[in-house]
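Peer 1: What follows is a single structure, and I will ask about it in a moment.
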Amino acid sequence: MLKNRILVVEDDAGIADGIAVNLQYSGYDCRVFSDGRETANALMADHSYDLALLDIMLPGLDGFALLPFMRQYDIPVIYLTAKRDAPSEIKGLVEGAEDYITKPFDALTLLVRVEKVLRRCGKLDRVLRAGDILIDLENHRVTRGDAEINLKPMEFELLALLARHKNRTILRDRLLNEIWGADFFGDTHTVDVHIATLRKKLNAADLIKTVPKYGYRLEEK
Amino acid sequence: MKLWQKISAVGISILLVVVIACCTLLLLQAKESIVRLSMEQVCAAQKNLISSFEQMVQYYLDGESNPAAVRSGIVYCFKCFADAGSVLIGGDGTLFSAVRVAPEEWLPIESGDGQALLLEVIDGRDVLIVGSAVVLLDERYIVYTVQDVTEVFDSIDVMTWNFVWIGGTGALLGTALMILLVRRTTKPLAALKASTKRIAVGEYAERAKVESGDEVGELATDFNVMAGAVQAHIADLEDRAKRQQLFIGGLTHEFRTPMASMMIHSETLLSADLRAEEAQNSLAHIHAQCRWLEQLTQKLLSLITLQEHTQMLAESMQALFDDIAESMIETLQTRRTPLVLDCAIDTLCMDYDLMKSLLMNLIDNASKASAPGQAIRLRAYDNILEVRDDGRGIAQEEIARIKDAFYMVDRSRNKKTGGSGLGLALVKRIAEVHGAELAIESQVGIGTKVCVIFSDKR
């Protein structure tokens, strides 16, 4: 499948770079602009993007002014905001956008949101691949060759998350947060237990690596 | 109990006591004098009667020996002078009486010849009986005068009632007048009290409307002065709190962007296996943001720790100008905005480092606003330090706000030139410390002139 193309409009070079590096690492193709007007002009020639990440405060045209252009080319939008307004206000302002992320944000948050939007818009593959393991997200099935591997829901979610972010170490806390939710009554030990079970069931000890004092990663050469 | 009630009660009590005491005293005195007067009248009339009667008896009956003749003569003589209340009693009974009562039963006169007096209630009437013994032709007679004084006493009763009525009415009128006056006098106090209450619940614009010239009026005037001071103070506090909130909001926002950059890069470094140059790039970003934060912190610290009591010394202006020109030469050359110096004063009382920081901030701003090739002029004349550029200028509506911390006219442009939005706030603060005023004149497209005007020539 072709790589998803993502448009990034952010005038802070540091943040723009950070986003680009992460998106590329996660297998997306991305193009970065730092000026609103420039972006709008460039869109006329090339508008084959699957998603746009827009900063709100931009030179030239601001993020809100860019929204109609994105609409025109059917590009879903996620706003990046550093505004100190209450989230509810921003929500009102970014109506018409798919989502918004408040600065500062971490890479995983960004990637998870990007993926959710892409999935919602049907722009992502429904099957993930990790080595010789196939993960069917639609039917919640995991297969290796012809053999099906039975996973409990949480184990499946954990595997899917790690497989989505191949070769990226994910903090235990973040895993717990993403899969069990922020208000889950338990500690990172839960994650360790599930990882152990996953390794046993997949019969692939090397697939999920432990990064001491940090977290886990699914490695694929 | 309210003050007006207290004052009224005291006043009314005094009024009542005085009225009652006066009326009673007057009444007693009047009664006594009336009774005495009527008694004296009766006594005097009787004395007259007796002396006339005696003379007539002497004249007509002297030497008469026939007792019967003497008796009838005496009765006759008595009759001649008797009035409606006269009674004559001889040795063997009443010789003449014009009244129905028998006075000798009430006031028997046994011996002597003085006058005797009796005031008695007989048959429901006040009767005054005066008796005198008289010796005529060697015989003893007693003359009585019986006077009905009921009317006199009645008139005293009437007078008493009149006194009660007049006194009562007077007291009532006095009371009403007193309450009216006291209320009038204390009314401004009530108004003052109402104002106090309103101020207490936060209506600081409230003022007492009292226009009397007495102590209450003075109190109200002082009160209004106090209310004015409180209002000004509260407004000042609110303003300060608001500015502080804005400052903190701005600060948070200013910290957030470098944080966002640092966060995403450090996390990427931790979790992903980046290629060497990518990793290097991320680290460079983190380092740049750290430096930026450090700069911001420095500026912030100098803004907060600037003290009012900085030591001011007379410093050479030319030396300061040269120092600034040297410090900024690199920046200005890079931006190709030359600095033109024009120093017309020798010395100025100032804190050298602070003033240098102030001027460098202004020159930095001017240089950022200028296009390459446009000169920046730094002048010192009279009591004014002036930084002037021919750059982009500032819109009128922005001028009032640019002195606020973290306010930036063009935020995204400032990010590139490295503006924090703290520069002018710091300039303003330093000017304040020097007791100087900051005046900004600007026209879009023509340029900006910033003057630091010292309050006096130093």
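The chains in the structure tokens are called A, B, ... from first to last as shown; in each chain the residues are counted from 1, and the ligands are counted from 1 in the order shown.
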Counting only C-alpha atoms, which residues of chain B sit at most 7 Å from some atom of chain A, and what is each one's closest atom pair with its distance in Å to one decimal, listed by chain and rising residue number, as CSV?

Peer 2:
```
residue,atom,partner,partner_atom,distance
B:His253,CA,A:Arg84,CA,6.5
B:Arg256,CA,A:Pro104,CA,6.1
B:Thr257,CA,A:Pro104,CA,6.9
B:Met259,CA,A:Pro104,CA,6.1
B:Ala260,CA,A:Pro104,CA,3.8
B:Ser261,CA,A:Ile15,CA,4.5
B:Met263,CA,A:Asp106,CA,6.2
B:Ile264,CA,A:Asp106,CA,5.2
B:His265,CA,A:Gly18,CA,5.4
B:Glu267,CA,A:Ala107,CA,6.7
B:Thr268,CA,A:Ala107,CA,6.8
B:Ser271,CA,A:Thr169,CA,4.3
B:Ala272,CA,A:Arg168,CA,4.7
B:His285,CA,A:Gly14,CA,5.6
B:Ser412,CA,A:Pro59,CA,5.7
```

Peer 1: Okay, now the selection with N, CA, C and O atoms, as a CSV table (one decimal), in the first residue's frame?

Peer 2:
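Printed below is part.csv as written:
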```csv
chain,number,residue,atom,x,y,z
B,253,HIS,N,2.2,30.7,28.2
B,253,HIS,CA,2.2,30.5,26.7
B,253,HIS,C,3.6,30.5,26.1
B,253,HIS,O,3.9,29.7,25.3
B,256,ARG,N,5.3,27.3,26.7
B,256,ARG,CA,4.7,26.1,26.2
B,256,ARG,C,5.3,25.7,24.8
B,256,ARG,O,5.5,24.5,24.6
B,257,THR,N,5.6,26.7,24.0
B,257,THR,CA,6.1,26.4,22.7
B,257,THR,C,7.5,25.7,22.7
B,257,THR,O,7.7,24.6,22.2
B,259,MET,N,8.7,24.1,25.2
B,259,MET,CA,8.4,22.8,25.8
B,259,MET,C,7.9,21.8,24.8
B,259,MET,O,8.3,20.7,24.9
B,260,ALA,N,7.0,22.3,24.0
B,260,ALA,CA,6.4,21.3,23.0
B,260,ALA,C,7.5,20.8,22.1
B,260,ALA,O,7.5,19.6,21.9
B,261,SER,N,8.4,21.7,21.7
B,261,SER,CA,9.4,21.2,20.8
B,261,SER,C,10.4,20.3,21.5
B,261,SER,O,10.7,19.2,21.0
B,263,MET,N,9.8,18.4,24.1
B,263,MET,CA,9.1,17.2,24.5
B,263,MET,C,9.1,16.2,23.3
B,263,MET,O,9.4,15.1,23.5
B,264,ILE,N,8.7,16.7,22.2
B,264,ILE,CA,8.5,15.8,21.1
B,264,ILE,C,9.9,15.3,20.6
B,264,ILE,O,10.0,14.1,20.3
B,265,HIS,N,10.9,16.1,20.7
B,265,HIS,CA,12.2,15.7,20.2
B,265,HIS,C,12.8,14.7,21.2
B,265,HIS,O,13.4,13.7,20.8
B,267,GLU,N,11.3,12.8,23.3
B,267,GLU,CA,10.6,11.5,23.3
B,267,GLU,C,11.0,10.7,22.1
B,267,GLU,O,11.1,9.5,22.1
B,268,THR,N,11.1,11.4,20.9
B,268,THR,CA,11.5,10.7,19.7
B,268,THR,C,12.9,10.1,19.9
B,268,THR,O,13.1,8.9,19.5
B,271,SER,N,12.5,7.0,22.1
B,271,SER,CA,11.7,5.8,21.6
B,271,SER,C,12.0,5.3,20.2
B,271,SER,O,11.7,4.2,20.0
B,272,ALA,N,12.6,6.1,19.4
B,272,ALA,CA,12.8,5.7,18.0
B,272,ALA,C,14.3,5.5,17.7
B,272,ALA,O,15.1,6.2,18.3
B,285,HIS,N,17.8,20.8,18.2
B,285,HIS,CA,16.6,21.5,18.5
B,285,HIS,C,16.4,21.6,20.0
B,285,HIS,O,16.0,22.7,20.5
B,412,SER,N,4.5,35.5,15.0
B,412,SER,CA,5.2,34.5,14.3
B,412,SER,C,6.5,35.1,13.7
B,412,SER,O,7.5,34.4,13.5
```

Peer 1: Do a neighbour search on Leu296 (chain B) at 9 Å with only C-alpha atoms, toss out local chain neighbours closer than 5 positions, and write the hits as a ChimeraX atom specification.

Peer 2: /B:254-255,291,301,420,422

Peer 1: Mind writing the picked residues with N, CA and C atoms as a PDB file, in the first residue's frame?

Peer 2:
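So the final result, stored in result15.pdb, reads:
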```
ATOM      1  N   GLU B 254       4.375  31.413  26.674  1.00  0.00           N
ATOM      2  CA  GLU B 254       5.730  31.571  26.162  1.00  0.00           C
ATOM      3  C   GLU B 254       6.582  30.348  26.467  1.00  0.00           C
ATOM      4  N   PHE B 255       6.266  29.675  27.573  1.00  0.00           N
ATOM      5  CA  PHE B 255       7.026  28.487  27.940  1.00  0.00           C
ATOM      6  C   PHE B 255       6.561  27.264  27.146  1.00  0.00           C
ATOM      7  N   ARG B 291      18.350  26.900  25.411  1.00  0.00           N
ATOM      8  CA  ARG B 291      18.997  28.210  25.445  1.00  0.00           C
ATOM      9  C   ARG B 291      17.961  29.327  25.426  1.00  0.00           C
ATOM     10  N   LEU B 301      13.734  37.225  35.120  1.00  0.00           N
ATOM     11  CA  LEU B 301      14.336  37.441  36.428  1.00  0.00           C
ATOM     12  C   LEU B 301      14.703  38.911  36.600  1.00  0.00           C
ATOM     13  N   SER B 420      10.936  37.926  22.649  1.00  0.00           N
ATOM     14  CA  SER B 420      10.220  37.219  23.696  1.00  0.00           C
ATOM     15  C   SER B 420       8.967  37.950  24.099  1.00  0.00           C
ATOM     16  N   LEU B 422       9.198  40.402  26.029  1.00  0.00           N
ATOM     17  CA  LEU B 422       9.510  40.935  27.361  1.00  0.00           C
ATOM     18  C   LEU B 422      10.324  42.231  27.282  1.00  0.00           C
TER      19      LEU B 422
END
```

Peer 1: Any chance you could list, as a VMD selection string, the residues in region 90-303 of chain B that come up strand (DSSP E) when DSSP is run on the backbone?

Peer 2: chain B and resid 90 93 to 97 115 to 122 125 to 136 139 to 148

Peer 1: Name all residues at most 8 Å from region 189-203 of chain A (count only C-alpha atoms; drop same-chain ones fewer than 2 positions away) and give them as an mmCIF file with all heavy atoms, in the first residue's frame.

Peer 2:
```
data_model
loop_
_atom_site.group_PDB
_atom_site.id
_atom_site.type_symbol
_atom_site.label_atom_id
_atom_site.label_comp_id
_atom_site.auth_asym_id
_atom_site.auth_seq_id
_atom_site.Cartn_x
_atom_site.Cartn_y
_atom_site.Cartn_z
ATOM 1 N N ILE A 149 -4.276 -17.392 16.315
ATOM 2 C CA ILE A 149 -3.845 -17.268 17.705
ATOM 3 C C ILE A 149 -4.964 -16.594 18.483
ATOM 4 O O ILE A 149 -5.437 -15.512 18.108
ATOM 5 C CB ILE A 149 -2.545 -16.438 17.797
ATOM 6 C CG1 ILE A 149 -1.447 -17.119 16.960
ATOM 7 C CG2 ILE A 149 -2.108 -16.257 19.235
ATOM 8 C CD1 ILE A 149 -0.277 -16.232 16.661
ATOM 9 N N ASN A 150 -5.389 -17.228 19.566
ATOM 10 C CA ASN A 150 -6.492 -16.666 20.375
ATOM 11 C C ASN A 150 -5.964 -15.665 21.389
ATOM 12 O O ASN A 150 -5.152 -16.002 22.235
ATOM 13 C CB ASN A 150 -7.218 -17.788 21.108
ATOM 14 C CG ASN A 150 -8.324 -18.359 20.248
ATOM 15 O OD1 ASN A 150 -9.020 -17.594 19.544
ATOM 16 N ND2 ASN A 150 -8.470 -19.663 20.259
ATOM 17 N N LEU A 151 -6.429 -14.439 21.265
ATOM 18 C CA LEU A 151 -5.999 -13.403 22.212
ATOM 19 C C LEU A 151 -7.213 -12.798 22.903
ATOM 20 O O LEU A 151 -8.274 -12.647 22.306
ATOM 21 C CB LEU A 151 -5.238 -12.286 21.477
ATOM 22 C CG LEU A 151 -3.881 -12.627 20.867
ATOM 23 C CD1 LEU A 151 -3.278 -11.385 20.237
ATOM 24 C CD2 LEU A 151 -2.935 -13.200 21.926
ATOM 25 N N MET A 154 -7.771 -7.268 25.610
ATOM 26 C CA MET A 154 -6.706 -6.361 26.013
ATOM 27 C C MET A 154 -5.370 -6.775 25.392
ATOM 28 O O MET A 154 -4.560 -5.932 25.020
ATOM 29 C CB MET A 154 -6.564 -6.307 27.537
ATOM 30 C CG MET A 154 -7.702 -5.578 28.202
ATOM 31 S SD MET A 154 -7.971 -3.936 27.492
ATOM 32 C CE MET A 154 -9.309 -3.369 28.504
ATOM 33 N N GLU A 155 -5.160 -8.079 25.275
ATOM 34 C CA GLU A 155 -3.936 -8.583 24.665
ATOM 35 C C GLU A 155 -3.896 -8.185 23.198
ATOM 36 O O GLU A 155 -2.861 -7.771 22.669
ATOM 37 C CB GLU A 155 -3.860 -10.110 24.803
ATOM 38 C CG GLU A 155 -3.639 -10.561 26.234
ATOM 39 C CD GLU A 155 -4.010 -12.029 26.452
ATOM 40 O OE1 GLU A 155 -4.412 -12.711 25.477
ATOM 41 O OE2 GLU A 155 -3.911 -12.476 27.596
ATOM 42 N N LEU A 158 -3.134 -4.475 22.868
ATOM 43 C CA LEU A 158 -1.727 -4.233 23.166
ATOM 44 C C LEU A 158 -0.859 -4.591 21.966
ATOM 45 O O LEU A 158 0.005 -3.819 21.541
ATOM 46 C CB LEU A 158 -1.335 -5.064 24.398
ATOM 47 C CG LEU A 158 0.030 -4.809 25.015
ATOM 48 C CD1 LEU A 158 0.169 -3.368 25.441
ATOM 49 C CD2 LEU A 158 0.237 -5.734 26.221
ATOM 50 N N LEU A 159 -1.144 -5.749 21.379
ATOM 51 C CA LEU A 159 -0.382 -6.197 20.216
ATOM 52 C C LEU A 159 -0.588 -5.226 19.048
ATOM 53 O O LEU A 159 0.369 -4.834 18.367
ATOM 54 C CB LEU A 159 -0.813 -7.612 19.814
ATOM 55 C CG LEU A 159 -0.080 -8.177 18.589
ATOM 56 C CD1 LEU A 159 1.407 -8.359 18.865
ATOM 57 C CD2 LEU A 159 -0.697 -9.500 18.127
ATOM 58 N N ARG A 172 5.745 2.262 29.394
ATOM 59 C CA ARG A 172 4.733 1.432 30.061
ATOM 60 C C ARG A 172 3.484 2.241 30.416
ATOM 61 O O ARG A 172 2.365 1.818 30.205
ATOM 62 C CB ARG A 172 5.307 0.875 31.363
ATOM 63 C CG ARG A 172 6.089 -0.388 31.207
ATOM 64 C CD ARG A 172 6.305 -0.958 32.605
ATOM 65 N NE ARG A 172 7.309 -2.001 32.575
ATOM 66 C CZ ARG A 172 8.610 -1.772 32.538
ATOM 67 N NH1 ARG A 172 9.063 -0.536 32.535
ATOM 68 N NH2 ARG A 172 9.457 -2.771 32.510
ATOM 69 N N LEU A 175 1.342 2.925 27.472
ATOM 70 C CA LEU A 175 0.612 1.715 27.070
ATOM 71 C C LEU A 175 -0.620 1.536 27.960
ATOM 72 O O LEU A 175 -1.727 1.317 27.483
ATOM 73 C CB LEU A 175 1.520 0.482 27.187
ATOM 74 C CG LEU A 175 2.583 0.328 26.090
ATOM 75 C CD1 LEU A 175 3.549 -0.788 26.452
ATOM 76 C CD2 LEU A 175 1.926 0.035 24.757
ATOM 77 N N LEU A 176 -0.375 1.660 29.239
ATOM 78 C CA LEU A 176 -1.462 1.504 30.212
ATOM 79 C C LEU A 176 -2.568 2.511 29.911
ATOM 80 O O LEU A 176 -3.759 2.189 29.880
ATOM 81 C CB LEU A 176 -0.904 1.744 31.618
ATOM 82 C CG LEU A 176 -1.833 1.354 32.767
ATOM 83 C CD1 LEU A 176 -1.927 -0.155 32.872
ATOM 84 C CD2 LEU A 176 -1.327 1.943 34.082
ATOM 85 N N GLY A 186 -5.101 0.393 38.287
ATOM 86 C CA GLY A 186 -4.046 -0.617 38.310
ATOM 87 C C GLY A 186 -2.729 0.037 37.982
ATOM 88 O O GLY A 186 -2.686 1.222 37.683
ATOM 89 N N ASP A 187 -1.621 -0.721 38.023
ATOM 90 C CA ASP A 187 -0.339 -0.110 37.713
ATOM 91 C C ASP A 187 0.302 -0.786 36.501
ATOM 92 O O ASP A 187 -0.294 -1.656 35.863
ATOM 93 C CB ASP A 187 0.584 -0.135 38.926
ATOM 94 C CG ASP A 187 0.791 -1.539 39.437
ATOM 95 O OD1 ASP A 187 0.506 -2.473 38.676
ATOM 96 O OD2 ASP A 187 1.247 -1.689 40.583
ATOM 97 N N ALA A 205 9.457 -14.839 21.408
ATOM 98 C CA ALA A 205 10.045 -14.078 22.502
ATOM 99 C C ALA A 205 10.779 -12.846 22.001
ATOM 100 O O ALA A 205 10.853 -11.827 22.702
ATOM 101 C CB ALA A 205 10.989 -14.964 23.309
ATOM 102 N N LEU A 207 10.045 -10.992 19.342
ATOM 103 C CA LEU A 207 9.237 -9.998 18.639
ATOM 104 C C LEU A 207 9.036 -8.739 19.481
ATOM 105 O O LEU A 207 9.270 -7.621 19.031
ATOM 106 C CB LEU A 207 7.879 -10.604 18.266
ATOM 107 C CG LEU A 207 7.063 -9.761 17.295
ATOM 108 C CD1 LEU A 207 7.730 -9.700 15.937
ATOM 109 C CD2 LEU A 207 5.646 -10.310 17.173
ATOM 110 N N ILE A 208 8.624 -8.915 20.731
ATOM 111 C CA ILE A 208 8.411 -7.763 21.609
ATOM 112 C C ILE A 208 9.606 -7.652 22.541
ATOM 113 O O ILE A 208 9.867 -8.538 23.352
ATOM 114 C CB ILE A 208 7.115 -7.904 22.417
ATOM 115 C CG1 ILE A 208 5.918 -8.021 21.467
ATOM 116 C CG2 ILE A 208 6.929 -6.707 23.349
ATOM 117 C CD1 ILE A 208 4.640 -8.436 22.135
#
```

Peer 1: I want to know what sits within 12 Å of Asp29 (chain A), based on only C-alpha atoms, with residues of the same chain fewer than 2 positions away left out; could you give that as a PyMOL selection string?

Peer 2: chain A and resi 2-8+19-27+31-32+48-52
